[in-house]
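The structure appears right after this line, and notes come after that.
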Amino acid sequence: MTDPEGFIRTHTVLGTAFHVPEIRLYLATEITPIWQATEVWLAARNIDPPFWAFAWPGGQALARHVLDQPDLVRGKRVLDFAAGGGIAAVACAMAGAAVVEAAEVDPLALAAIALNAAANGVMVAPVGDVVGQPCRWDLILCGDVCYEAPMTEHIMPWLRVMARDAVVWIADPGRAYLPTKGLGRFAEYQIETTLELEDRTRRDVVLYRLNGADD
């Protein structure tokens, strides 16, 4: 695939997530076609499935929280970590963040982030793998990142180090691998979803603040 943006435009439509109608996103309307379309691309490059093509509950909750309380991000340097299509990053840019970066390891996700930012007329800088880098942010948003044990084990030590110098939020819809310690709950959202994506039609998403490594 030599044209990621063309692929995204072909296999998605510009729409909105139910809880964040202010933000336009390139979204898949049916799961199976885009999974099949990316199968060869994924296999050849060892890339994750197209999670970026869906507005997952954690990202919607973060975006809603930011848009409803823009003072939380206004003027700040923000990272949307494991951003998917970047819904939380776009929300932060719309709310007046000074600098917004959106980190993903999937090149298709990085292209989707750029397209979604452009569709909303905001500036978001797509960046690659940031795990292990020093902190350069005031606020780090993590939407639904504890869905697998290897992922959680890889990112949590770094996020706890980041939490020494930055505020780190984790939006979790009840995933099995969320840590049981070092989290402070501060908000909760009920997010409708579909049985194609989840095992239920609604997820209760809790927003937590992560304590630092030394806390």
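Chain lettering (A, B, ...) mirrors the order of the structure tokens, residue numbering begins at 1 for each chain separately, and ligand numbering begins at 1 in order of display.
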Give me, as a short mmCIF file (atom, residue, chain, number, x, y, z; two decimals) with N, CA and C atoms, in the first residue's frame, all polymer residues having an atom no more than 8 Å from Met123 (chain A), counting only C-alpha atoms and skipping those fewer than 4 positions away in the same chain.
```
data_model
loop_
_atom_site.label_atom_id
_atom_site.label_comp_id
_atom_site.auth_asym_id
_atom_site.auth_seq_id
_atom_site.Cartn_x
_atom_site.Cartn_y
_atom_site.Cartn_z
N VAL A 90 -7.82 15.45 18.82
CA VAL A 90 -8.60 16.49 18.13
C VAL A 90 -9.38 17.31 19.15
N ALA A 93 -7.08 19.78 20.82
CA ALA A 93 -6.75 20.90 19.92
C ALA A 93 -7.93 21.86 19.82
N VAL A 100 -0.43 19.63 20.56
CA VAL A 100 -1.06 18.32 20.67
C VAL A 100 -0.31 17.34 19.80
N ALA A 117 -7.55 15.32 11.95
CA ALA A 117 -7.22 16.68 12.38
C ALA A 117 -7.59 17.69 11.30
N ALA A 118 -7.23 17.38 10.06
CA ALA A 118 -7.54 18.28 8.95
C ALA A 118 -9.04 18.44 8.77
#
```
When DSSP is applied to the backbone of this structure, which of region 38-186 of chain A are assigned strand (DSSP E or B)? Write them out as a ChimeraX atom specification.
/A:77-81,99-103,125-127,139-143,167-172,183-186
Residue nearest Val99 (chain A) among A:Phe18, A:Trp137, A:Tyr208, A:Tyr26 (counting only C-alpha atoms):
A:Trp137
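Rounded to one decimal, CA of Ala28 (chain A) and CA of Ala53 (chain A) lie 5.3 Å from each other.
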What is the distance between CA of Val167 (chain A) and CA of Phe51 (chain A), in Å to one decimal?
25.1 Å
Tell me which protein, DNA and RNA residues are within 12 Å of region 78-80 of chain A, counting only C-alpha atoms, leaving out same-chain ones fewer than 3 positions away, and put them as a ChimeraX atom specification.
/A:58-59,62-63,66,72-75,83-93,95-104,110,113,123-131,135-145,159,162,166-171
Among region 14-208 of chain A, which residues does DSSP mark as helix (DSSP H, G or I) when it is run on the backbone? Keep the chain and numbering as in the structure and answer as a ChimeraX atom specification.
/A:31-37,39-45,51-53,57-68,70-72,87-94,107-119,149-162
For Ala82 (chain A), the nearest of the candidates A:Asn116, A:Pro57, A:Ile155, A:Thr16, counting only C-alpha atoms
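For Ala82 (chain A), the nearest of the given residues is A:Ile155.
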Selected residue of minimal separation from Asp3 (chain A) among A:Met151, A:Ala176, A:Ile23, A:Ala112, counting only C-alpha atoms:
A:Ala112
